[in-house]
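> Mind looking over this structure? Questions follow.
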Amino acid sequence: MTEATGSRAQRGVDPENACPIAPVVDIVFSRWTTPILWALHEYGRQRFVELERRIGTITPKVLTQRLRQLERDGLVVRTYHAEVPPRVEYEISELGRSLAPLFAALSEWSVHLGEVERARVEYDGREGGRGR
């Protein structure tokens, strides 16, 4: 350990840098981002209405906001077709596709959701959930 890292360890780590995956989680797992990316990855290029139907409970306003943010982050590509009527399509970008292994790993881990639910029930059943 160098003197610089040693003194940093003594002072404590900057909370913003304490977890190297926190920025990734903020980008990829913010509300509605994962279902949008999943839908574009699984079903390919889609129009706004198709995405809206596929996701189900998202409002048009929120879908618009999330798509803009995903486009800004480089995870989604928006293509405007100057036709009559105009047509806009969204697709996952190469950068967005690079998340496929992460989504696959999370999908594999989902087999444990039953265990999570059992743990919650057990926890909630112990003295009001305090686990004494």
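By order of appearance in the structure tokens: chains A, B, ..., then residues from 1 within every chain, and ligands from 1 in the order shown.
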Report as a JSON list (two decimals) with N, CA and C atoms, in the first residue's frame all protein, DNA and RNA residues lying within 7 Å of Arg97 (chain A), evaluated on only C-alpha atoms, omitting residues in the same chain fewer than 4 positions from it.


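Done, and the output landed in result-v7.json:
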[["chain", "number", "residue", "atom", "x", "y", "z"],
["A", 41, "HIS", "N", -33.88, -5.17, -26.64],
["A", 41, "HIS", "CA", -32.91, -6.25, -26.87],
["A", 41, "HIS", "C", -33.62, -7.51, -27.36],
["A", 92, "ILE", "N", -31.93, -0.75, -29.60],
["A", 92, "ILE", "CA", -30.82, -0.77, -28.66],
["A", 92, "ILE", "C", -29.53, -0.56, -29.44],
["A", 93, "SER", "N", -28.62, 0.22, -28.89],
["A", 93, "SER", "CA", -27.35, 0.50, -29.57],
["A", 93, "SER", "C", -26.35, -0.63, -29.29]]

> If DSSP is run on the backbone, what residues of region 26-93 of chain A are helix (DSSP H, G or I)? A reply as a ChimeraX atom specification would be ideal.

/A:26-28,33-43,48-55,60-72

> Please provide the set of residues having any atom within 8 Å of region 54-69 of chain A, restricted to only C-alpha atoms, with same-chain residues fewer than 3 positions apart removed, written as a list in words.

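Surrounding residues, per the criterion: Trp32, Thr33, Pro35, Ile36, Ala39, Glu50, Leu51, Arg72, Asp73 and Val76 of chain A.
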
> Quick one: residues within 7 Å of Tyr90 (chain A), only C-alpha atoms, excluding same-chain residues fewer than 6 positions away - as a PyMOL selection string?

chain A and resi 45-47+76-79

> Restrict the selected residues to C-alpha atoms and save them as an mmCIF file, in the first residue's frame.


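Final output, result26.cif:
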data_model
loop_
_atom_site.group_PDB
_atom_site.id
_atom_site.type_symbol
_atom_site.label_atom_id
_atom_site.label_comp_id
_atom_site.auth_asym_id
_atom_site.auth_seq_id
_atom_site.Cartn_x
_atom_site.Cartn_y
_atom_site.Cartn_z
ATOM 1 C CA ARG A 45 -36.414 -2.098 -33.338
ATOM 2 C CA GLN A 46 -39.794 -0.762 -32.214
ATOM 3 C CA ARG A 47 -41.989 2.264 -32.522
ATOM 4 C CA VAL A 76 -30.681 3.566 -27.440
ATOM 5 C CA VAL A 77 -30.707 4.854 -31.012
ATOM 6 C CA ARG A 78 -33.670 6.933 -32.221
ATOM 7 C CA THR A 79 -34.337 6.987 -35.961
#

> Which residue, A:His81, A:Gly74, A:Leu99, A:Ala18, has the smallest gap to Thr34 (chain A) when you use only C-alpha atoms?

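Of A:His81, A:Gly74, A:Leu99, A:Ala18, the one nearest Thr34 (chain A), counting only C-alpha atoms, is A:Leu99.
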
> Of the candidates A:Tyr80, A:Cys19, A:Trp109, A:Glu71, which one gets nearest to Glu94 (chain A) if we count only C-alpha atoms?

A:Glu71

> For Phe103 (chain A), which residue among A:Asp124, A:Glu42, A:Glu83, A:Glu52 is the nearest when counting only C-alpha atoms?

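Counting only C-alpha atoms, the residue closest to Phe103 (chain A) is A:Glu42.
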
> Of the candidates A:Leu102, A:Val84, A:Arg120, A:Arg126, which one gets nearest to Val25 (chain A) if we count only C-alpha atoms?

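Closest candidate: A:Leu102.
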
> Using Å and a single decimal, report how far CA of Phe48 (chain A) sits from CA of Glu89 (chain A).

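The value is 6.8 Å.
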
> One number please: CA of Glu108 (chain A) to CA of Ser30 (chain A), in Å, one decimal.

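Here the two named atoms are 20.4 Å from each other.
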